[in-house]
Structures are given as structure tokens and as C-alpha cells.
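Asker: Handing over coords-v6.pdb, PDB, C-alpha atoms, pLDDT in the B column.
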ATOM      1  CA  MET J 628      85.506  90.986  98.962  1.00 44.00           C
ATOM      2  CA  THR J 629      86.373  87.290  98.632  1.00 46.00           C
ATOM      3  CA  PRO J 630      89.919  86.575  99.859  1.00 49.00           C
ATOM      4  CA  PRO J 631      92.266  84.930  97.385  1.00 47.00           C
ATOM      5  CA  ASN J 632      92.274  81.156  97.431  1.00 49.00           C
ATOM      6  CA  PRO J 633      95.828  79.957  98.233  1.00 47.00           C
ATOM      7  CA  SER J 634      95.216  76.894  96.063  1.00 45.00           C
ATOM      8  CA  THR J 635      94.530  79.048  92.989  1.00 47.00           C
ATOM      9  CA  PRO J 636      97.378  78.507  90.473  1.00 53.00           C
ATOM     10  CA  GLN J 637      99.680  81.451  89.808  1.00 67.00           C
ATOM     11  CA  GLN J 638      99.685  83.075  86.421  1.00 89.00           C
ATOM     12  CA  PRO J 639     102.405  81.419  84.304  1.00 89.00           C
ATOM     13  CA  SER J 640     104.493  84.600  84.140  1.00 92.00           C
ATOM     14  CA  ARG J 641     104.416  85.008  87.915  1.00 93.00           C
ATOM     15  CA  ARG J 642     105.291  81.349  88.400  1.00 93.00           C
ATOM     16  CA  ILE J 643     108.358  81.756  86.186  1.00 93.00           C
ATOM     17  CA  ALA J 644     109.339  85.034  87.881  1.00 93.00           C
ATOM     18  CA  GLU J 645     108.975  83.447  91.326  1.00 94.00           C
ATOM     19  CA  ASP J 646     111.181  80.507  90.384  1.00 93.00           C
ATOM     20  CA  LEU J 647     113.867  82.824  88.972  1.00 94.00           C
ATOM     21  CA  ARG J 648     113.649  85.028  92.067  1.00 91.00           C
ATOM     22  CA  ARG J 649     114.262  82.011  94.295  1.00 93.00           C
ATOM     23  CA  GLN J 650     117.281  81.070  92.176  1.00 93.00           C
ATOM     24  CA  ILE J 651     118.667  84.585  92.680  1.00 89.00           C
ATOM     25  CA  GLU J 652     118.038  84.468  96.435  1.00 88.00           C
ATOM     26  CA  ARG J 653     119.728  81.045  96.735  1.00 89.00           C
ATOM     27  CA  GLY J 654     122.739  82.245  94.762  1.00 89.00           C
ATOM     28  CA  GLU J 655     122.143  79.878  91.881  1.00 92.00           C
ATOM     29  CA  LEU J 656     121.921  82.992  89.716  1.00 91.00           C
ATOM     30  CA  ARG J 657     124.535  85.468  90.915  1.00 90.00           C
ATOM     31  CA  SER J 658     125.108  89.188  90.412  1.00 86.00           C
ATOM     32  CA  GLY J 659     126.194  89.773  86.836  1.00 88.00           C
ATOM     33  CA  ASP J 660     124.882  86.430  85.550  1.00 91.00           C
ATOM     34  CA  LYS J 661     122.980  86.608  82.297  1.00 93.00           C
ATOM     35  CA  LEU J 662     119.439  85.233  82.286  1.00 93.00           C
ATOM     36  CA  PRO J 663     118.512  82.686  79.614  1.00 93.00           C
ATOM     37  CA  SER J 664     116.919  84.197  76.526  1.00 92.00           C
ATOM     38  CA  GLU J 665     113.147  84.524  76.277  1.00 92.00           C
ATOM     39  CA  ARG J 666     113.154  81.581  73.859  1.00 93.00           C
ATOM     40  CA  ALA J 667     115.166  79.435  76.299  1.00 94.00           C
ATOM     41  CA  LEU J 668     112.943  80.409  79.241  1.00 94.00           C
ATOM     42  CA  ALA J 669     109.824  79.616  77.218  1.00 94.00           C
ATOM     43  CA  GLU J 670     111.186  76.182  76.324  1.00 93.00           C
ATOM     44  CA  LYS J 671     112.304  75.450  79.904  1.00 93.00           C
ATOM     45  CA  TYR J 672     108.957  76.385  81.460  1.00 93.00           C
ATOM     46  CA  GLY J 673     106.748  75.220  78.602  1.00 93.00           C
ATOM     47  CA  SER J 674     105.281  78.674  77.999  1.00 92.00           C
ATOM     48  CA  ALA J 675     104.883  81.209  75.227  1.00 93.00           C
ATOM     49  CA  ARG J 676     107.698  83.720  74.635  1.00 93.00           C
ATOM     50  CA  ASN J 677     105.487  86.635  75.636  1.00 94.00           C
ATOM     51  CA  THR J 678     104.852  84.863  78.967  1.00 94.00           C
ATOM     52  CA  ALA J 679     108.620  84.576  79.528  1.00 93.00           C
ATOM     53  CA  ARG J 680     108.994  88.244  78.559  1.00 93.00           C
ATOM     54  CA  GLU J 681     106.368  89.223  81.143  1.00 94.00           C
ATOM     55  CA  ALA J 682     108.210  87.191  83.811  1.00 93.00           C
ATOM     56  CA  VAL J 683     111.436  89.074  83.106  1.00 92.00           C
ATOM     57  CA  ARG J 684     109.537  92.369  83.285  1.00 90.00           C
ATOM     58  CA  LEU J 685     108.221  91.395  86.726  1.00 90.00           C
ATOM     59  CA  LEU J 686     111.774  90.694  87.909  1.00 89.00           C
ATOM     60  CA  ALA J 687     112.917  94.071  86.559  1.00 85.00           C
ATOM     61  CA  GLU J 688     110.109  95.819  88.456  1.00 80.00           C
ATOM     62  CA  GLN J 689     111.364  94.146  91.637  1.00 78.00           C
ATOM     63  CA  GLY J 690     114.843  95.524  90.951  1.00 76.00           C
ATOM     64  CA  LEU J 691     116.357  92.048  90.604  1.00 85.00           C
ATOM     65  CA  VAL J 692     117.474  92.208  86.968  1.00 86.00           C
ATOM     66  CA  THR J 693     118.431  94.870  84.489  1.00 82.00           C
ATOM     67  CA  ALA J 694     118.428  94.840  80.690  1.00 84.00           C
ATOM     68  CA  LYS J 695     121.506  95.924  78.746  1.00 83.00           C
ATOM     69  CA  HIS J 696     120.665  96.907  75.198  1.00 81.00           C
ATOM     70  CA  GLY J 697     122.094  94.432  72.719  1.00 82.00           C
ATOM     71  CA  SER J 698     123.562  92.218  75.462  1.00 87.00           C
ATOM     72  CA  GLY J 699     120.661  90.657  77.345  1.00 90.00           C
ATOM     73  CA  VAL J 700     119.194  90.689  80.849  1.00 91.00           C
ATOM     74  CA  PHE J 701     121.483  90.381  83.860  1.00 91.00           C
ATOM     75  CA  VAL J 702     121.066  89.833  87.598  1.00 90.00           C
ATOM     76  CA  ARG J 703     121.616  93.138  89.389  1.00 81.00           C
ATOM     77  CA  GLU J 704     124.161  93.585  92.135  1.00 73.00           C
ATOM     78  CA  PRO J 705     122.500  93.968  95.539  1.00 67.00           C
ATOM     79  CA  GLN J 706     122.063  97.611  96.396  1.00 62.00           C
ATOM     80  CA  ARG J 707     123.653  98.831  99.605  1.00 59.00           C
ATOM     81  CA  LEU J 708     121.115 100.903 101.440  1.00 59.00           C
ATOM     82  CA  PHE J 709     121.799 104.500 102.327  1.00 63.00           C
ATOM     83  CA  ARG J 710     121.081 104.529 106.059  1.00 65.00           C
ATOM     84  CA  PHE J 711     120.099 107.764 107.719  1.00 63.00           C
ATOM     85  CA  GLY J 712     119.155 108.275 111.338  1.00 62.00           C
ATOM     86  CA  SER J 713     119.473 110.529 114.345  1.00 63.00           C
ATOM     87  CA  ASP J 714     123.282 110.708 114.084  1.00 64.00           C
ATOM     88  CA  ARG J 715     123.106 112.580 110.780  1.00 67.00           C
ATOM     89  CA  TYR J 716     122.971 115.853 112.731  1.00 68.00           C
ATOM     90  CA  SER J 717     125.682 114.963 115.257  1.00 68.00           C
ATOM     91  CA  LEU J 718     128.596 117.301 115.934  1.00 68.00           C
ATOM     92  CA  LYS J 719     130.979 114.383 115.361  1.00 68.00           C
ATOM     93  CA  ASN J 720     129.770 114.012 111.786  1.00 66.00           C
ATOM     94  CA  ARG J 721     129.789 117.764 111.185  1.00 65.00           C
ATOM     95  CA  GLU J 722     133.442 117.864 112.230  1.00 66.00           C
ATOM     96  CA  THR J 723     134.266 115.781 109.145  1.00 65.00           C
ATOM     97  CA  GLY J 724     133.424 118.824 107.032  1.00 66.00           C
ATOM     98  CA  LEU J 725     130.963 116.723 105.019  1.00 69.00           C
ATOM     99  CA  THR J 726     127.196 116.953 104.901  1.00 74.00           C
ATOM    100  CA  PRO J 727     125.362 113.815 106.107  1.00 75.00           C
ATOM    101  CA  PHE J 728     124.627 112.731 102.542  1.00 81.00           C
ATOM    102  CA  ARG J 729     128.190 113.271 101.321  1.00 82.00           C
ATOM    103  CA  LEU J 730     129.508 111.364 104.334  1.00 80.00           C
ATOM    104  CA  GLU J 731     127.182 108.410 103.693  1.00 80.00           C
ATOM    105  CA  ALA J 732     128.105 108.381  99.986  1.00 82.00           C
ATOM    106  CA  LYS J 733     131.815 108.444 100.860  1.00 82.00           C
ATOM    107  CA  ARG J 734     131.359 105.452 103.187  1.00 78.00           C
ATOM    108  CA  GLN J 735     129.956 103.520 100.229  1.00 78.00           C
ATOM    109  CA  GLY J 736     132.638 104.626  97.786  1.00 83.00           C
ATOM    110  CA  LYS J 737     130.171 106.682  95.771  1.00 85.00           C
ATOM    111  CA  VAL J 738     130.445 110.204  94.406  1.00 89.00           C
ATOM    112  CA  ALA J 739     127.806 112.545  95.824  1.00 90.00           C
ATOM    113  CA  ARG J 740     126.202 115.327  93.838  1.00 92.00           C
ATOM    114  CA  ILE J 741     123.572 117.801  95.018  1.00 92.00           C
ATOM    115  CA  GLU J 742     121.449 119.997  92.786  1.00 95.00           C
ATOM    116  CA  VAL J 743     119.471 122.972  94.087  1.00 95.00           C
ATOM    117  CA  PRO J 744     116.782 123.559  91.432  1.00 96.00           C
ATOM    118  CA  SER J 745     114.925 126.236  93.390  1.00 97.00           C
ATOM    119  CA  ILE J 746     115.073 128.609  96.354  1.00 98.00           C
ATOM    120  CA  ALA J 747     111.873 130.634  96.693  1.00 97.00           C
ATOM    121  CA  ARG J 748     109.706 132.521  99.134  1.00 98.00           C
ATOM    122  CA  GLU J 749     106.396 130.654  99.394  1.00 97.00           C
ATOM    123  CA  LYS J 750     103.287 129.897 101.363  1.00 98.00           C
ATOM    124  CA  PRO J 751     104.125 126.739 103.345  1.00 97.00           C
ATOM    125  CA  PRO J 752     102.187 123.465 103.154  1.00 97.00           C
ATOM    126  CA  ALA J 753      99.789 123.133 106.082  1.00 97.00           C
ATOM    127  CA  ASP J 754     101.824 120.439 107.860  1.00 97.00           C
ATOM    128  CA  VAL J 755     104.987 122.514 107.573  1.00 98.00           C
ATOM    129  CA  ALA J 756     103.272 125.680 108.815  1.00 98.00           C
ATOM    130  CA  GLU J 757     101.935 123.814 111.834  1.00 98.00           C
ATOM    131  CA  ARG J 758     105.347 122.480 112.824  1.00 98.00           C
ATOM    132  CA  LEU J 759     107.321 125.640 112.067  1.00 98.00           C
ATOM    133  CA  LYS J 760     104.634 127.758 113.741  1.00 97.00           C
ATOM    134  CA  VAL J 761     104.232 130.201 110.846  1.00 98.00           C
ATOM    135  CA  PRO J 762     101.127 131.389 108.965  1.00 97.00           C
ATOM    136  CA  ALA J 763      99.979 129.018 106.222  1.00 96.00           C
ATOM    137  CA  ASP J 764      98.142 131.764 104.302  1.00 97.00           C
ATOM    138  CA  GLU J 765     101.178 134.044 103.896  1.00 97.00           C
ATOM    139  CA  GLU J 766     104.520 133.727 102.104  1.00 98.00           C
ATOM    140  CA  SER J 767     106.114 133.065 105.468  1.00 98.00           C
ATOM    141  CA  VAL J 768     108.852 130.612 104.467  1.00 98.00           C
ATOM    142  CA  VAL J 769     111.811 130.117 102.186  1.00 98.00           C
ATOM    143  CA  HIS J 770     111.606 126.789 100.421  1.00 98.00           C
ATOM    144  CA  ARG J 771     114.922 125.241  99.370  1.00 98.00           C
ATOM    145  CA  GLU J 772     114.560 122.170  97.147  1.00 97.00           C
ATOM    146  CA  ASN J 773     117.524 119.838  96.775  1.00 96.00           C
ATOM    147  CA  HIS J 774     117.979 116.725  94.638  1.00 97.00           C
ATOM    148  CA  TYR J 775     120.631 114.236  95.781  1.00 93.00           C
ATOM    149  CA  PHE J 776     122.568 111.849  93.538  1.00 93.00           C
ATOM    150  CA  ALA J 777     125.088 109.061  94.189  1.00 88.00           C
ATOM    151  CA  ASP J 778     127.229 108.168  91.167  1.00 88.00           C
ATOM    152  CA  ASP J 779     124.689 110.186  89.155  1.00 88.00           C
ATOM    153  CA  GLU J 780     121.806 107.976  90.334  1.00 88.00           C
ATOM    154  CA  PRO J 781     118.990 109.944  92.041  1.00 92.00           C
ATOM    155  CA  VAL J 782     118.538 108.953  95.674  1.00 90.00           C
ATOM    156  CA  GLN J 783     116.428 111.513  97.509  1.00 93.00           C
ATOM    157  CA  ILE J 784     114.525 114.792  97.297  1.00 97.00           C
ATOM    158  CA  VAL J 785     114.739 117.208 100.211  1.00 96.00           C
ATOM    159  CA  SER J 786     112.436 120.216 100.622  1.00 98.00           C
ATOM    160  CA  THR J 787     113.671 122.486 103.428  1.00 97.00           C
ATOM    161  CA  TYR J 788     111.536 125.272 104.900  1.00 98.00           C
ATOM    162  CA  LEU J 789     112.937 128.195 106.926  1.00 98.00           C
ATOM    163  CA  ARG J 790     111.263 131.302 108.296  1.00 98.00           C
ATOM    164  CA  TRP J 791     111.381 134.074 105.715  1.00 98.00           C
ATOM    165  CA  GLU J 792     111.943 136.722 108.371  1.00 97.00           C
ATOM    166  CA  GLU J 793     115.191 134.990 109.358  1.00 96.00           C
ATOM    167  CA  ALA J 794     116.434 133.780 105.970  1.00 97.00           C
ATOM    168  CA  GLN J 795     115.947 136.931 103.902  1.00 96.00           C
ATOM    169  CA  GLY J 796     119.187 138.676 102.996  1.00 95.00           C
ATOM    170  CA  THR J 797     121.393 135.832 104.300  1.00 96.00           C
ATOM    171  CA  LEU J 798     123.375 133.008 102.721  1.00 96.00           C
ATOM    172  CA  LEU J 799     120.330 130.824 103.372  1.00 96.00           C
ATOM    173  CA  MET J 800     118.973 132.323 100.155  1.00 96.00           C
ATOM    174  CA  GLN J 801     122.017 131.143  98.178  1.00 95.00           C
ATOM    175  CA  GLN J 802     122.849 127.723  96.722  1.00 92.00           C
ATOM    176  CA  LYS J 803     126.161 127.634  98.594  1.00 91.00           C
ATOM    177  CA  THR J 804     125.534 128.471 102.237  1.00 90.00           C
ATOM    178  CA  GLY J 805     129.131 128.252 103.493  1.00 86.00           C
ATOM    179  CA  LYS J 806     130.868 126.153 106.146  1.00 82.00           C
ATOM    180  CA  ASP J 807     128.570 123.713 107.990  1.00 80.00           C
ATOM    181  CA  GLY J 808     125.742 124.416 105.525  1.00 85.00           C
ATOM    182  CA  ILE J 809     122.379 125.775 106.589  1.00 91.00           C
ATOM    183  CA  TYR J 810     122.830 124.635 110.187  1.00 89.00           C
ATOM    184  CA  GLY J 811     125.961 126.749 110.504  1.00 89.00           C
ATOM    185  CA  ARG J 812     124.032 129.802 109.294  1.00 93.00           C
ATOM    186  CA  LEU J 813     121.096 129.018 111.590  1.00 95.00           C
ATOM    187  CA  GLU J 814     123.451 128.739 114.567  1.00 93.00           C
ATOM    188  CA  GLU J 815     124.689 132.229 113.718  1.00 94.00           C
ATOM    189  CA  LEU J 816     121.052 133.313 114.005  1.00 96.00           C
ATOM    190  CA  GLY J 817     120.906 131.797 117.502  1.00 96.00           C
ATOM    191  CA  HIS J 818     119.413 128.382 116.748  1.00 96.00           C
ATOM    192  CA  VAL J 819     121.544 125.522 118.100  1.00 93.00           C
ATOM    193  CA  MET J 820     119.945 122.180 117.299  1.00 92.00           C
ATOM    194  CA  THR J 821     119.366 120.272 120.531  1.00 92.00           C
ATOM    195  CA  ARG J 822     116.474 118.008 119.578  1.00 91.00           C
ATOM    196  CA  VAL J 823     114.853 116.652 116.423  1.00 90.00           C
ATOM    197  CA  ARG J 824     111.465 115.185 115.643  1.00 93.00           C
ATOM    198  CA  ASP J 825     111.201 112.834 112.663  1.00 92.00           C
ATOM    199  CA  GLU J 826     107.816 111.607 111.461  1.00 95.00           C
ATOM    200  CA  ILE J 827     108.272 108.644 109.122  1.00 93.00           C
ATOM    201  CA  SER J 828     105.813 107.145 106.673  1.00 95.00           C
ATOM    202  CA  ALA J 829     105.818 105.043 103.512  1.00 94.00           C
ATOM    203  CA  ARG J 830     103.724 105.867 100.459  1.00 95.00           C
ATOM    204  CA  MET J 831     103.671 105.689  96.695  1.00 95.00           C
ATOM    205  CA  PRO J 832     105.437 108.571  94.928  1.00 95.00           C
ATOM    206  CA  THR J 833     103.732 111.387  93.102  1.00 96.00           C
ATOM    207  CA  PRO J 834     104.317 111.361  89.324  1.00 94.00           C
ATOM    208  CA  GLU J 835     106.804 114.234  89.727  1.00 96.00           C
ATOM    209  CA  GLU J 836     108.736 112.396  92.458  1.00 97.00           C
ATOM    210  CA  ALA J 837     108.809 109.197  90.405  1.00 95.00           C
ATOM    211  CA  ALA J 838     110.258 111.132  87.462  1.00 95.00           C
ATOM    212  CA  ILE J 839     112.921 112.927  89.539  1.00 96.00           C
ATOM    213  CA  LEU J 840     113.980 109.727  91.321  1.00 95.00           C
ATOM    214  CA  ASP J 841     113.736 107.620  88.152  1.00 91.00           C
ATOM    215  CA  LEU J 842     111.665 105.012  89.984  1.00 88.00           C
ATOM    216  CA  LEU J 843     110.518 101.735  88.505  1.00 78.00           C
ATOM    217  CA  PRO J 844     106.750 101.170  88.613  1.00 78.00           C
ATOM    218  CA  GLY J 845     105.583  99.928  91.995  1.00 79.00           C
ATOM    219  CA  VAL J 846     108.569 101.249  93.997  1.00 85.00           C
ATOM    220  CA  PRO J 847     107.396 103.269  97.028  1.00 91.00           C
ATOM    221  CA  VAL J 848     109.142 106.123  98.820  1.00 94.00           C
ATOM    222  CA  LEU J 849     109.946 106.740 102.460  1.00 93.00           C
ATOM    223  CA  GLU J 850     108.939 110.191 103.656  1.00 96.00           C
ATOM    224  CA  VAL J 851     110.581 111.745 106.704  1.00 93.00           C
ATOM    225  CA  LEU J 852     109.073 114.995 107.959  1.00 96.00           C
ATOM    226  CA  HIS J 853     111.905 116.409 110.040  1.00 95.00           C
ATOM    227  CA  THR J 854     111.644 119.262 112.552  1.00 96.00           C
ATOM    228  CA  SER J 855     114.714 120.852 114.190  1.00 95.00           C
ATOM    229  CA  LEU J 856     114.268 122.342 117.659  1.00 96.00           C
ATOM    230  CA  ASP J 857     116.751 124.691 119.318  1.00 96.00           C
ATOM    231  CA  GLN J 858     118.013 125.172 122.856  1.00 95.00           C
ATOM    232  CA  GLY J 859     114.764 126.914 123.810  1.00 96.00           C
ATOM    233  CA  GLY J 860     112.559 124.212 122.278  1.00 96.00           C
ATOM    234  CA  THR J 861     111.666 126.479 119.348  1.00 97.00           C
ATOM    235  CA  PRO J 862     111.218 124.828 115.937  1.00 98.00           C
ATOM    236  CA  PHE J 863     113.448 126.630 113.430  1.00 97.00           C
ATOM    237  CA  GLU J 864     113.628 124.341 110.366  1.00 97.00           C
ATOM    238  CA  VAL J 865     111.345 121.754 108.776  1.00 98.00           C
ATOM    239  CA  SER J 866     112.503 119.447 105.985  1.00 96.00           C
ATOM    240  CA  ARG J 867     110.592 116.862 104.002  1.00 97.00           C
ATOM    241  CA  TYR J 868     112.857 114.013 102.893  1.00 95.00           C
ATOM    242  CA  VAL J 869     111.563 111.778 100.113  1.00 96.00           C
ATOM    243  CA  HIS J 870     113.803 108.711  99.853  1.00 93.00           C
ATOM    244  CA  ARG J 871     113.792 105.895  97.336  1.00 90.00           C
ATOM    245  CA  ALA J 872     112.598 102.915  99.367  1.00 87.00           C
ATOM    246  CA  ASP J 873     114.647 100.512  97.230  1.00 82.00           C
ATOM    247  CA  GLN J 874     117.907 102.215  98.218  1.00 80.00           C
ATOM    248  CA  THR J 875     117.284 103.746 101.622  1.00 82.00           C
ATOM    249  CA  GLY J 876     117.002 102.445 105.147  1.00 80.00           C
ATOM    250  CA  LEU J 877     116.444 104.411 108.334  1.00 81.00           C
ATOM    251  CA  LEU J 878     118.563 103.593 111.382  1.00 79.00           C
ATOM    252  CA  TYR J 879     117.726 105.142 114.761  1.00 80.00           C
ATOM    253  CA  GLU J 880     119.423 104.474 118.078  1.00 77.00           C
ATOM    254  CA  LEU J 881     117.444 106.220 120.816  1.00 72.00           C
ATOM    255  CA  PRO J 882     117.694 106.339 124.592  1.00 75.00           C
ATOM    256  CA  VAL J 883     114.830 104.687 126.426  1.00 77.00           C
ATOM    257  CA  GLU J 884     112.976 107.180 128.595  1.00 69.00           C
ATOM    258  CA  GLN J 885     112.594 106.005 132.168  1.00 67.00           C
TER     259      GLN J 885
END
Take the structure I supplied and represent it as C-alpha cells, if you would.

Answerer:
Amino acid sequence: MTPPNPSTPQQPSRRIAEDLRRQIERGELRSGDKLPSERALAEKYGSARNTAREAVRLLAEQGLVTAKHGSGVFVREPQRLFRFGSDRYSLKNRETGLTPFRLEAKRQGKVARIEVPSIAREKPPADVAERLKVPADEESVVHRENHYFADDEPVQIVSTYLRWEEAQGTLLMQQKTGKDGIYGRLEELGHVMTRVRDEISARMPTPEEAAILDLLPGVPVLEVLHTSLDQGGTPFEVSRYVHRADQTGLLYELPVEQ
């Protein structure tokens, strides 16, 4: 494949979008500022109105502007990233009485909401079965799916898998699992989290994920495949976190092994 020639002119819409993006980055266009109308942009850049419209669409896809019906297009406020890392499971944070997500939302002055659309006994995905050490060809797990919102904006999808033989007949099968959440119930079953393994990757969302997270076209997701290990080194919970990449960062502070 022939590499792109850097001297090749940009499409007019991309040239306009790039210039507006630079103005936003330099602070010449600030959060809340209204963009010029399509007619004004077309006149300024010597283009057709549909070219200016395409430039604004490109900016919207990048999350830089948002359209308000009947009012115009405005520069978006910068999004503060939700940052999750190894401390989300710390005893210090659990002592607050808040789940990691609720604690992070509170730090940002946002209202957290969690929906639990399904709790079901299932055959696990192959990668989950391998990490949880359960059969992949049997209904060996309970799958809890949770959708997380901040100020009613979807932020992440979490699919948690627990061994069916342990979860059946317990509060782990209920939407409300009691004090300290699922980890409190798992500790009662003898599993004290002492180590975690997080496998992190970036990818494009599935159509279902894009719909749940209300993602703009082109926005990827961060996937964290999390495994909890107890005091005996036994894996007892696997969760797949699917985060919006435009609103989530991952922060890990780890000791350096000598």
C-alpha cells in the first residue's frame, strides 16, 4: 500500500475542522463559546456550506463541540476522566462505605447510578473460564451485568463472573448484595482479596456496547479483564470492565519487583 503523501492537501472539511480544533486547544474558542454559523464558516474559509457542516460534524465526533437544538453548536467543557487503578479495591476506600465507582463520582461532584439489568447462571466465555478455572462447556458461573452512570451519562459496563457453586442461594444472586458489596459476601465465603491481575486493552466497541454507552462514532473503549485472587492464590472472581475511552483513564501505582 502506498503511504500517504504529507504534501497532499487536506480535504476542505478537515482543514476547517483542524483550524477550529487548534483554536479550541489554544483557548481562542473556550468552553461554552458558540461556533460561527455554517454560513459564516463557509464565508470565512471560502467553502460551500455543506463543507462547513461536515467540518462541524468532524469536531463533534472528536467530542470537542456539541449541538443544542435551536441554539447552535458550542465548544464542550473538557471532560474530567474517571481514573481507576489498583487502589479501587483497597481497604481504605472500602472503609468509606462507597463502592469504587461511587467514590470516584463523588470526588468529581457527580451523582452515581448503577443498574443491574441481569443476573443469570451461564456458560462462561472461554477467557473467563480459563482465569476462573471453571468448565467452559457447563453453566458454571453466575454472570452479573452492571451499567454505571454519572449524572445519568453512561460511563462503563461491568460483567462480573462468580462460581455458581459458591454464589447459588446467597446475596450474590440479588441486585443488592449488602454491606461492602460482592467482596463482602465473598469474604464471608473465605475469599479475602490479596492480589489482582488486570489485563488492559483498547478496541472498538461492539454495536451493543456503543448503544449502551451512547458512544459517538469512532470512540473506542478500554477493556480491563480483572481477576481477583485470594489469600491462597485462588482466583475467585473475574470481571470484564468496558470503559468509555473518552471519559476514562487508568492509573496504576505498582511496586517495582527487585

Asker: Select, from J:Leu856, J:Ala838, J:Val851, J:Ala679, the residue with the minimum atom-to-atom distance to J:Thr821, counting all atoms listed in the file.

Answerer: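 Ranked by minimum distance to J:Thr821, first place goes to J:Leu856.
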
Asker: So the first atom is atom CA of J:Ala777 and the second is atom CA of J:Leu877; what is the distance between them in Å, to one decimal place?

Answerer: 17.2 Å

Asker: Of the candidates J:Ala669, J:Ala732, J:Val848, J:Ala644, which one gets nearest to J:Arg684 if we count all atoms listed in the file?

Answerer: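 Among the listed residues, the smallest separation from J:Arg684 belongs to J:Ala644.
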
Asker: To verify the selection step, state as a PyMOL selection string which residues the PyMOL selection byres ((chain J and resi 823-828) around 6) yields on this input.

Answerer: chain J and resi 822+829+849-856

Asker: Calculated over only C-alpha atoms, which of the candidates J:Leu685, J:Val819, J:Leu691, J:Ile741 has the smallest distance to J:Arg657?

Answerer: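 Of J:Leu685, J:Val819, J:Leu691, J:Ile741, the one nearest J:Arg657 is J:Leu691, counting only C-alpha atoms.
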
Asker: Please measure the separation of atom CA of J:Lys737 and atom CA of J:Leu789, giving the value in Å to one decimal.

Answerer: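 Value for the atom CA of J:Lys737-atom CA of J:Leu789 distance: 29.7 Å.
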
Asker: What would the list of residues within 9 Å of (111.5, 132.3, 97.8) (file frame) look like as a list in words, if all atoms listed in the file are what count?

Answerer: Ser745, Ile746, Ala747, Arg748, Glu749, Glu766, Val768, Val769, His770, Arg771, Trp791, Gln795 and Met800 of chain J

Asker: Once you have the residues from the selection above, write them out as a PDB file, in the coordinates of the input, restricted to C-alpha atoms.

Answerer:
ATOM      1  CA  SER J 745     114.925 126.236  93.390  1.00 97.00           C
ATOM      2  CA  ILE J 746     115.073 128.609  96.354  1.00 98.00           C
ATOM      3  CA  ALA J 747     111.873 130.634  96.693  1.00 97.00           C
ATOM      4  CA  ARG J 748     109.706 132.521  99.134  1.00 98.00           C
ATOM      5  CA  GLU J 749     106.396 130.654  99.394  1.00 97.00           C
ATOM      6  CA  GLU J 766     104.520 133.727 102.104  1.00 98.00           C
ATOM      7  CA  VAL J 768     108.852 130.612 104.467  1.00 98.00           C
ATOM      8  CA  VAL J 769     111.811 130.117 102.186  1.00 98.00           C
ATOM      9  CA  HIS J 770     111.606 126.789 100.421  1.00 98.00           C
ATOM     10  CA  ARG J 771     114.922 125.241  99.370  1.00 98.00           C
ATOM     11  CA  TRP J 791     111.381 134.074 105.715  1.00 98.00           C
ATOM     12  CA  GLN J 795     115.947 136.931 103.902  1.00 96.00           C
ATOM     13  CA  MET J 800     118.973 132.323 100.155  1.00 96.00           C
TER      14      MET J 800
END

Asker: Please measure the separation of atom CA of J:Tyr879 and atom CA of J:Glu688, giving the value in Å to one decimal.

Answerer: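 Computing it gives 28.9 Å between the two atoms.
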
Asker: At a cut-off of 9 Å around the point (120.9, 109.0, 97.8) (file coordinates), what residues fall inside when counting only C-alpha atoms? I'd like the answer as a PyMOL selection string.

Answerer: chain J and resi 708-709+728+731-732+739+774-777+780-784+870-871+874-875

Asker: Name the closest residue to J:Ala667 among the candidates J:Glu652, J:Ala756, J:Arg680, J:Pro844; distances are taken between atoms, counting only C-alpha atoms.

Answerer: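 For J:Ala667, the nearest of the candidates is J:Arg680.
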
Asker: With the PyMOL selection byres ((chain J and resi 648) around 12) as the selection, what would be picked from this file? Answer as a list of chain:residue names, please.

Answerer: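 Selected by the PyMOL selection byres ((chain J and resi 648) around 12) here: J:Arg641, J:Arg642, J:Ile643, J:Ala644, J:Glu645, J:Asp646, J:Leu647, J:Arg649, J:Gln650, J:Ile651, J:Glu652, J:Arg653, J:Gly654, J:Glu655, J:Leu656, J:Arg657, J:Leu662, J:Ala682, J:Val683, J:Leu685, J:Leu686, J:Ala687, J:Glu688, J:Gln689, J:Gly690, J:Leu691, J:Val692, J:Val702, J:Arg703.
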
Asker: Restricting the calculation to all atoms listed in the file, which member of J:Glu793, J:Glu665, J:Glu835, J:Glu815 is positioned closest to J:Thr678?

Answerer: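 The shortest atom-to-atom distance to J:Thr678 comes from J:Glu665.
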
Asker: Using all atoms listed in the file, which of J:Pro727, J:Gly859, J:Asp841, J:Ala872 sits nearest J:Asp779?

Answerer: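 Between J:Pro727, J:Gly859, J:Asp841, J:Ala872, the residue approaching J:Asp779 most closely is J:Asp841.
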
Asker: Spell out the residues picked by the PyMOL selection byres ((chain J and resi 758) around 8) here, as number ranges by chain.

Answerer: J: 754-757, 759-760, 854, 862, 865
